[in-house]
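The structure appears below as structure tokens.
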There are 2 protein chains.
Amino acid sequence: MSNSDGQVLSVDEIHALVVDVLASNGCDAENASAIADTVASAERDGCLSHGLFRVPGYVKSLRCGAVDGKARPTLTRPAPSVLRADVNLGFSPLALAMTRPELIEVARRQGIAALALVRGHHFAALWPETEALAEAGLAAMAFTASRAAVAPAGARRRFFGTNPMAFAFPRGDRPPLVFDQASAAMARGEIQIAARDGHTVPPGMGIDLDGEPTTDPKAILDGAQLPFGGYKGSAIALMVELLAAGLIGEAFGYEAHENANPASGVQQSGELIIAMDPACFGDAAGWLVHTEAFFARLTALDGVRLPADRRRRTREVTLREGVRVAPALFAEIRGLL
Amino acid sequence: MSNSDGQVLSVDEIHALVVDVLASNGCDAENASAIADTVASAERDGCLSHGLFRVPGYVKSLRCGAVDGKARPTLTRPAPSVLRADVNLGFSPLALAMTRPELIEVARRQGIAALALVRGHHFAALWPETEALAEAGLAAMAFTASRAAVAPAGARRRFFGTNPMAFAFPRGDRPPLVFDQASAAMARGEIQIAARDGHTVPPGMGIDLDGEPTTDPKAILDGAQLPFGGYKGSAIALMVELLAAGLIGEAFGYEAHENANPASGVQQSGELIIAMDPACFGDAAGWLVHTEAFFARLTALDGVRLPADRRRRTREVTLREGVRVAPALFAEIRGLL
């Protein structure tokens with residue numbers, strides 16, 4: 001179905017389209033399907049900056065040979081509670097999907113476990129991996145350092161990545177609590193979309209190449225984004241660098257920036273996931289009733305909404321009615337087949 | 001030595017004074033010494049809101065019987081990588097000191113380990129426990145939920161605690177990278193000091209009982225503080241509640257507020273510490289050189305300072321010259337002997 005506002009596709013149709021596009025550009029079936037899962041779930045939840053908008057980037061990185069669309073991860077276990085997945089220069093989604101069962105099993109047995117993902121390419125949102133762990137009953141944190149884009153508090157040049165962190169907490173039969181937020185004041189994808197559409201961004205989001213404040217998204221993309229919440233958000237960005245790069249031996253934001261593939265702009269990046277089983281912390285019988293009482297009190301406050309509420313409401317609509325895809329984007333993606 | 005600006009005490013003299021005050025108010029020697037360690041290190045580092053300023057609160061909670069100054073923690077291990085310390089209604093510092101060696105050992109063996117501290121009273125800063133772990137070569141995170149003081153983003157009433165988190169990362173022979181920051185825009189101790197001294201606080205720090213913005217610290221202490229960085233800081237505060245209360249079966253901020261001892265205002269609180277050994281994540285040989293190159297680049301940027309820099313510079317001075325203690329505070333504390 002199509003009309004003047006664009007093409008309406010079901011979430012399954014989006015998934016199938018992405019699989020087709022990736023398969024015809026060098027991905028094998030397993031990698032294409034794992035990436036399509038992240039793209040389709042982003043479109044389903046209204047996270048447009050991680051949805052179809054990213055597909056041309058996947059294809060560009062495949063076509064120039066920067067990423068191996070047929071890579072299989074190598075899984076090792078350097079310590080009893082630590083897993084390490086070498087993505088072998090492929091895309092991260094397949095490695096994440098393949099390592100998840102073991103991460104869940106180790107976290108349940110050990111109480112807490114970590115997964116270090118290295119030599120991968122992560123173009124997706126972080127929340128899907130923490131949400132999947134919380135759906136398995138685990139509390140989960142995830143951190144990834146991306147190429148330098150953010151000026152540390154006090155500095156006038158980019159150095160940190162946008163460095164998102166995600167967190168999810170299980171809620172029994174209900175959908176998990178999930179959030180996923182850049183350490184930057186604004187997600188880079190949102191600034192890219194503003195630049196594409198010719199909009200300005202609010203003050204406080206970034207500085208230009210001279211280190212001066214600006215609301216021009218193109219000037220910020222050339223200059224630097226700012227961290228959220230001043231020096232405290234900058235400290236979070238610093239922590240993400242140390243966890244997702246320093247701890248696991250992957251590229252810091254400045255290294256990813258300097259080492260990015262010149263043809264595609266693609267850089268490899270690391271990710272650290274921490275998973276914890278609430279049944280292993282001493283309140284196995286009570287934690288769920290206890291936290292649900294907390295959520296009931298929190299959501300009863302005027303003006304409060306949980307971080308994933310908007311995503312979930314969007315999800316209900318898109319699963320029923322499909323997703324309206326902008327004509328230009330739809331044409332661009334069809335053109336990649 | 002004393003003069004018109006106050007009494008100058010060495011860090012050791014501060015430690016001895018605090019031990020004496022606590023011992024004469026119901027603490028045994030081990031608890032008094034562990035608490036004095038946190039107070040003296042806070043004064044040494046210029047963190048006045050966690051230093052001698054807190055001592056009258058310790059004494060009040062001992063005198064009214066709200067806290068057991070002779071408590072010994074009970075340590076269990078509910079899962080191979082999880083330790084749990086029941087502080088048995090004492091102060092947390094002794095439990096933290098007593099459990100640290102086993103936490104370090106488990107983290108080194110398992111790669112990642114957690115410590116859940118419950119039924120304790122934590123009046124101190126969080127950074128000392130993460131700093132101690134980083135001095136032992138581990139990356140460490142700590143979270144604690146305190147009594148409700150902060151309005152979630154969008155709300156007009158207090159619900160979250162100030163909910164600090166601390167992070168430390170080892171740097172070989174150098175002092176660790178350490179930060180410790182409240183999820184509130186301003187530490188509650190700083191607002192208490194502003195109220196005591198009759199100063200206003202900057203805009204954006206809090207709201208009054210009617211939910212209206214105010215710069216009056218007393219109105220904020222009655223009303224609610226605001227999270228740092230808007231909804232993103234609010235998400236951090238929510239995460240801290242779920243980790244330091246939900247996961248480990250301790251009091252959420254609203255419960256701590258409602259259950260606080262009416263005579264002393266004292267509430268028990270939980271703490272979660274996560275410790276990771278960089279030698280167990282796959283880059284045992286390279287991580288230190290790699291992260292030191294990162295720190296060299298970061299600190300070479302104009303305008304950047306590391307979070308603990310000011311503390312460390314203060315430490316150099318106070319260890320040499322002592323700490324100047326305000327006359328009224330010194331008199332108040334001497335009066336508690």
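Here's how to read the names in the structure tokens: chain A, B, ... by the order shown, residue numbers from 1 in each chain, ligand numbers from 1 in the order shown.
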Inset, instruction - Using DSSP on the backbone coordinates, identify all residues within region 55-299 of chain A classified as helix (DSSP H, G or I); present the result as an MDAnalysis selection string. - result: chainID A and resid 55:63 92:110 127:135 188:197 217:222 230:246 253:259 278:280 287:299
Within 6 Å of chain B, which residues belong to chain A? Use only C-alpha atoms and report them as an mmCIF file with N, CA and C atoms, in the first residue's frame.
data_model
loop_
_atom_site.group_PDB
_atom_site.id
_atom_site.type_symbol
_atom_site.label_atom_id
_atom_site.label_comp_id
_atom_site.auth_asym_id
_atom_site.auth_seq_id
_atom_site.Cartn_x
_atom_site.Cartn_y
_atom_site.Cartn_z
ATOM 1 N N PRO A 78 37.762 -16.272 28.501
ATOM 2 C CA PRO A 78 39.042 -16.022 29.163
ATOM 3 C C PRO A 78 39.009 -16.156 30.683
ATOM 4 N N ALA A 79 37.837 -16.158 31.291
ATOM 5 C CA ALA A 79 37.705 -16.365 32.737
ATOM 6 C C ALA A 79 36.329 -16.992 32.968
ATOM 7 N N PRO A 80 36.112 -17.630 34.133
ATOM 8 C CA PRO A 80 34.852 -18.362 34.319
ATOM 9 C C PRO A 80 33.592 -17.518 34.100
ATOM 10 N N SER A 81 33.642 -16.220 34.399
ATOM 11 C CA SER A 81 32.448 -15.389 34.239
ATOM 12 C C SER A 81 32.560 -14.393 33.094
ATOM 13 N N VAL A 82 33.527 -14.588 32.225
ATOM 14 C CA VAL A 82 33.743 -13.647 31.117
ATOM 15 C C VAL A 82 33.762 -14.397 29.787
ATOM 16 N N GLN A 110 26.680 -18.168 37.440
ATOM 17 C CA GLN A 110 27.679 -17.430 38.214
ATOM 18 C C GLN A 110 27.100 -16.231 38.974
ATOM 19 N N GLY A 111 25.869 -15.832 38.626
ATOM 20 C CA GLY A 111 25.271 -14.666 39.266
ATOM 21 C C GLY A 111 25.500 -13.396 38.476
ATOM 22 N N GLY A 154 34.645 20.799 28.996
ATOM 23 C CA GLY A 154 35.761 21.740 29.078
ATOM 24 C C GLY A 154 36.599 21.824 27.818
ATOM 25 N N ALA A 155 36.518 20.805 26.955
ATOM 26 C CA ALA A 155 37.351 20.786 25.747
ATOM 27 C C ALA A 155 36.600 21.409 24.571
ATOM 28 N N PHE A 228 25.799 15.076 27.465
ATOM 29 C CA PHE A 228 24.599 15.482 28.221
ATOM 30 C C PHE A 228 25.015 15.819 29.657
ATOM 31 N N GLY A 229 24.314 16.783 30.247
ATOM 32 C CA GLY A 229 24.507 17.048 31.667
ATOM 33 C C GLY A 229 25.896 17.500 32.068
ATOM 34 N N GLY A 246 39.085 0.269 26.709
ATOM 35 C CA GLY A 246 40.248 -0.015 27.554
ATOM 36 C C GLY A 246 40.223 -1.405 28.166
ATOM 37 N N LEU A 247 39.113 -1.756 28.793
ATOM 38 C CA LEU A 247 39.005 -3.042 29.499
ATOM 39 C C LEU A 247 39.149 -4.219 28.554
ATOM 40 N N ILE A 248 38.587 -4.109 27.357
ATOM 41 C CA ILE A 248 38.472 -5.277 26.478
ATOM 42 C C ILE A 248 39.445 -5.236 25.306
ATOM 43 N N GLY A 249 40.271 -4.202 25.231
ATOM 44 C CA GLY A 249 41.280 -4.168 24.174
ATOM 45 C C GLY A 249 40.719 -3.805 22.812
ATOM 46 N N PRO A 278 18.925 -11.650 39.107
ATOM 47 C CA PRO A 278 18.410 -11.212 40.418
ATOM 48 C C PRO A 278 18.183 -12.379 41.381
ATOM 49 N N CYS A 280 20.248 -14.495 42.111
ATOM 50 C CA CYS A 280 21.559 -14.847 42.694
ATOM 51 C C CYS A 280 22.100 -13.796 43.643
ATOM 52 N N PHE A 281 21.280 -12.812 44.030
ATOM 53 C CA PHE A 281 21.808 -11.728 44.863
ATOM 54 C C PHE A 281 21.230 -11.738 46.275
ATOM 55 N N ASP A 283 17.857 -12.211 47.230
ATOM 56 C CA ASP A 283 16.413 -11.986 47.400
ATOM 57 C C ASP A 283 15.661 -12.687 46.273
ATOM 58 N N TRP A 287 12.404 -10.392 44.987
ATOM 59 C CA TRP A 287 12.818 -9.233 44.196
ATOM 60 C C TRP A 287 11.744 -8.762 43.209
ATOM 61 N N THR A 291 10.227 -5.060 43.251
ATOM 62 C CA THR A 291 10.469 -4.063 42.193
ATOM 63 C C THR A 291 9.167 -3.661 41.505
ATOM 64 N N ASP A 302 2.471 11.937 38.807
ATOM 65 C CA ASP A 302 2.116 12.783 37.666
ATOM 66 C C ASP A 302 3.354 13.135 36.857
ATOM 67 N N GLY A 303 3.246 12.983 35.547
ATOM 68 C CA GLY A 303 4.311 13.481 34.670
ATOM 69 C C GLY A 303 5.403 12.480 34.369
ATOM 70 N N VAL A 304 5.370 11.315 35.020
ATOM 71 C CA VAL A 304 6.439 10.342 34.807
ATOM 72 C C VAL A 304 6.055 9.339 33.737
#
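For the set B:Gly161, B:Gly265, B:Gly198, B:Pro203, the residue with the smallest atom-to-atom gap to Ala224 (chain B) is B:Gly161, counting only C-alpha atoms.
For the atom pair formed by CA of Ser92 (chain A) and CA of Gly120 (chain A), the distance is 5.2 Å, given to one decimal.
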Legend entry - Filtered DSSP result for region 52-299 of chain B, state strand (DSSP E), as number ranges by chain: B: 74-79, 82-86, 112-120, 139-144, 165-171, 174-181, 206-207, 224-225, 269-276
For the residues in that selection, give me N, CA and C atoms as a compact mmCIF listing (two decimals), in the first residue's frame.
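The resulting out.txt:
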# COMPACT_ATOMS: atom_id res chain seq x y z
N THR B 74 27.80 -10.19 58.23
CA THR B 74 27.71 -11.61 57.90
C THR B 74 27.91 -11.74 56.39
N LEU B 75 28.92 -12.50 55.99
CA LEU B 75 29.25 -12.62 54.57
C LEU B 75 28.78 -13.97 54.03
N THR B 76 28.01 -13.93 52.93
CA THR B 76 27.61 -15.17 52.25
C THR B 76 27.99 -15.04 50.78
N ARG B 77 27.84 -16.16 50.05
CA ARG B 77 28.20 -16.15 48.62
C ARG B 77 27.09 -16.87 47.87
N PRO B 78 26.02 -16.15 47.55
CA PRO B 78 24.84 -16.80 46.95
C PRO B 78 25.09 -17.38 45.56
N ALA B 79 26.14 -16.98 44.89
CA ALA B 79 26.49 -17.55 43.58
C ALA B 79 28.01 -17.44 43.45
N VAL B 82 29.15 -13.85 43.12
CA VAL B 82 28.40 -12.85 43.88
C VAL B 82 28.63 -13.03 45.38
N LEU B 83 29.06 -11.96 46.03
CA LEU B 83 29.17 -11.93 47.49
C LEU B 83 28.03 -11.07 48.04
N ARG B 84 27.60 -11.42 49.23
CA ARG B 84 26.56 -10.64 49.88
C ARG B 84 26.96 -10.41 51.33
N ALA B 85 26.97 -9.16 51.73
CA ALA B 85 27.33 -8.81 53.11
C ALA B 85 26.12 -8.19 53.79
N ASP B 86 25.67 -8.86 54.84
CA ASP B 86 24.62 -8.29 55.69
C ASP B 86 25.33 -7.48 56.77
N ILE B 112 34.84 -11.20 36.65
CA ILE B 112 33.90 -10.18 37.11
C ILE B 112 33.23 -10.72 38.36
N ALA B 113 32.99 -9.85 39.33
CA ALA B 113 32.33 -10.25 40.56
C ALA B 113 31.51 -9.08 41.08
N ALA B 114 30.52 -9.41 41.90
CA ALA B 114 29.68 -8.37 42.50
C ALA B 114 29.61 -8.57 44.01
N LEU B 115 29.45 -7.46 44.70
CA LEU B 115 29.19 -7.48 46.14
C LEU B 115 27.91 -6.71 46.40
N ALA B 116 26.96 -7.38 47.05
CA ALA B 116 25.72 -6.71 47.48
C ALA B 116 25.82 -6.47 48.98
N LEU B 117 25.68 -5.22 49.35
CA LEU B 117 25.77 -4.85 50.76
C LEU B 117 24.36 -4.47 51.21
N VAL B 118 23.84 -5.14 52.24
CA VAL B 118 22.47 -4.86 52.68
C VAL B 118 22.43 -4.61 54.19
N ARG B 119 21.34 -3.97 54.61
CA ARG B 119 21.08 -3.69 56.02
C ARG B 119 22.25 -2.93 56.66
N GLY B 120 22.75 -1.96 55.92
CA GLY B 120 23.82 -1.14 56.44
C GLY B 120 23.42 0.33 56.43
N ALA B 139 38.85 -2.70 37.58
CA ALA B 139 37.86 -1.69 37.25
C ALA B 139 36.66 -1.91 38.16
N ALA B 140 36.07 -0.83 38.66
CA ALA B 140 35.00 -0.99 39.65
C ALA B 140 33.91 0.04 39.46
N MET B 141 32.68 -0.41 39.67
CA MET B 141 31.52 0.47 39.70
C MET B 141 30.82 0.26 41.04
N ALA B 142 30.24 1.33 41.58
CA ALA B 142 29.46 1.21 42.82
C ALA B 142 28.22 2.07 42.71
N PHE B 143 27.14 1.57 43.29
CA PHE B 143 25.84 2.23 43.23
C PHE B 143 25.19 2.16 44.61
N THR B 144 24.60 3.24 45.06
CA THR B 144 23.82 3.16 46.28
C THR B 144 22.58 4.05 46.17
N MET B 165 26.63 7.17 41.84
CA MET B 165 27.38 6.04 41.31
C MET B 165 28.85 6.47 41.27
N ALA B 166 29.71 5.49 41.49
CA ALA B 166 31.14 5.75 41.41
C ALA B 166 31.76 4.77 40.45
N PHE B 167 32.86 5.19 39.85
CA PHE B 167 33.57 4.36 38.88
C PHE B 167 35.06 4.59 39.07
N ALA B 168 35.83 3.53 39.00
CA ALA B 168 37.29 3.68 39.08
C ALA B 168 37.93 2.71 38.10
N PHE B 169 39.06 3.14 37.55
CA PHE B 169 39.79 2.32 36.59
C PHE B 169 41.26 2.37 36.94
N PRO B 170 41.92 1.20 36.95
CA PRO B 170 43.32 1.15 37.39
C PRO B 170 44.26 1.76 36.36
N ARG B 171 45.36 2.35 36.85
CA ARG B 171 46.33 3.00 35.97
C ARG B 171 47.75 2.57 36.31
N ARG B 174 50.22 4.74 38.53
CA ARG B 174 49.60 6.04 38.78
C ARG B 174 48.36 5.88 39.65
N PRO B 175 47.89 6.97 40.27
CA PRO B 175 46.62 6.88 40.99
C PRO B 175 45.50 6.53 40.01
N PRO B 176 44.53 5.73 40.42
CA PRO B 176 43.45 5.33 39.51
C PRO B 176 42.64 6.53 39.02
N LEU B 177 41.99 6.34 37.87
CA LEU B 177 40.91 7.24 37.47
C LEU B 177 39.72 6.94 38.38
N VAL B 178 39.15 7.97 38.98
CA VAL B 178 38.01 7.77 39.88
C VAL B 178 37.00 8.88 39.68
N PHE B 179 35.72 8.53 39.56
CA PHE B 179 34.70 9.57 39.75
C PHE B 179 33.57 9.03 40.61
N ASP B 180 32.84 9.94 41.18
CA ASP B 180 31.76 9.62 42.12
C ASP B 180 30.78 10.76 41.96
N GLN B 181 29.61 10.47 41.44
CA GLN B 181 28.68 11.57 41.20
C GLN B 181 27.26 11.17 41.52
N GLY B 206 16.74 22.24 41.94
CA GLY B 206 15.62 21.65 42.67
C GLY B 206 14.34 22.43 42.55
N ILE B 207 13.30 21.85 43.16
CA ILE B 207 11.95 22.44 43.17
C ILE B 207 11.44 22.46 44.61
N ALA B 224 12.13 18.94 46.45
CA ALA B 224 12.84 17.86 45.77
C ALA B 224 14.02 18.42 45.00
N GLN B 225 15.10 17.66 44.96
CA GLN B 225 16.20 17.96 44.05
C GLN B 225 15.81 17.49 42.65
N SER B 269 20.44 1.40 53.91
CA SER B 269 20.46 1.44 52.45
C SER B 269 21.34 0.32 51.92
N GLY B 270 21.16 0.02 50.64
CA GLY B 270 21.92 -1.03 49.99
C GLY B 270 23.00 -0.45 49.10
N GLU B 271 23.90 -1.30 48.73
CA GLU B 271 24.96 -0.87 47.81
C GLU B 271 25.34 -2.07 46.94
N LEU B 272 25.53 -1.81 45.68
CA LEU B 272 26.04 -2.84 44.77
C LEU B 272 27.39 -2.39 44.23
N ILE B 273 28.36 -3.28 44.31
CA ILE B 273 29.68 -3.02 43.74
C ILE B 273 29.96 -4.10 42.69
N ILE B 274 30.45 -3.68 41.54
CA ILE B 274 30.86 -4.60 40.48
C ILE B 274 32.35 -4.40 40.25
N ALA B 275 33.11 -5.48 40.27
CA ALA B 275 34.56 -5.39 40.08
C ALA B 275 34.97 -6.28 38.92
N MET B 276 35.83 -5.77 38.05
CA MET B 276 36.27 -6.49 36.85
C MET B 276 37.78 -6.44 36.75
Inset, instruction - Could you tell me which of A:Ile333, A:Ala34, A:Ala97, A:Ala256 comes closest to Lys70 (chain A) if we count only C-alpha atoms? - result: A:Ala34
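Using only C-alpha atoms, the smallest distance between any of A:Gly189, A:Pro101, A:Pro213, A:Gly172 and Ala125 (chain A) comes from A:Gly189.
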Shell of 10 Å around Arg320 (chain B), only C-alpha atoms, local chain residues under 4 positions omitted, as a PDB file with N, CA and C atoms, in the first residue's frame:
ATOM      1  N   SER B  10      46.228  17.714  61.251  1.00  0.00           N
ATOM      2  CA  SER B  10      46.750  16.771  60.261  1.00  0.00           C
ATOM      3  C   SER B  10      45.665  15.739  59.962  1.00  0.00           C
ATOM      4  N   VAL B  11      45.824  15.043  58.825  1.00  0.00           N
ATOM      5  CA  VAL B  11      44.849  14.007  58.481  1.00  0.00           C
ATOM      6  C   VAL B  11      44.820  12.928  59.567  1.00  0.00           C
ATOM      7  N   ARG B 315      44.770  16.708  48.073  1.00  0.00           N
ATOM      8  CA  ARG B 315      45.404  15.690  48.912  1.00  0.00           C
ATOM      9  C   ARG B 315      46.887  15.999  49.136  1.00  0.00           C
ATOM     10  N   GLU B 316      47.558  16.422  48.080  1.00  0.00           N
ATOM     11  CA  GLU B 316      48.990  16.740  48.211  1.00  0.00           C
ATOM     12  C   GLU B 316      49.214  17.845  49.233  1.00  0.00           C
TER      13      GLU B 316
END
Legend entry - Distance in Å - CA of Ala328 (chain B) versus CA of Gln7 (chain B): 9.9 Å
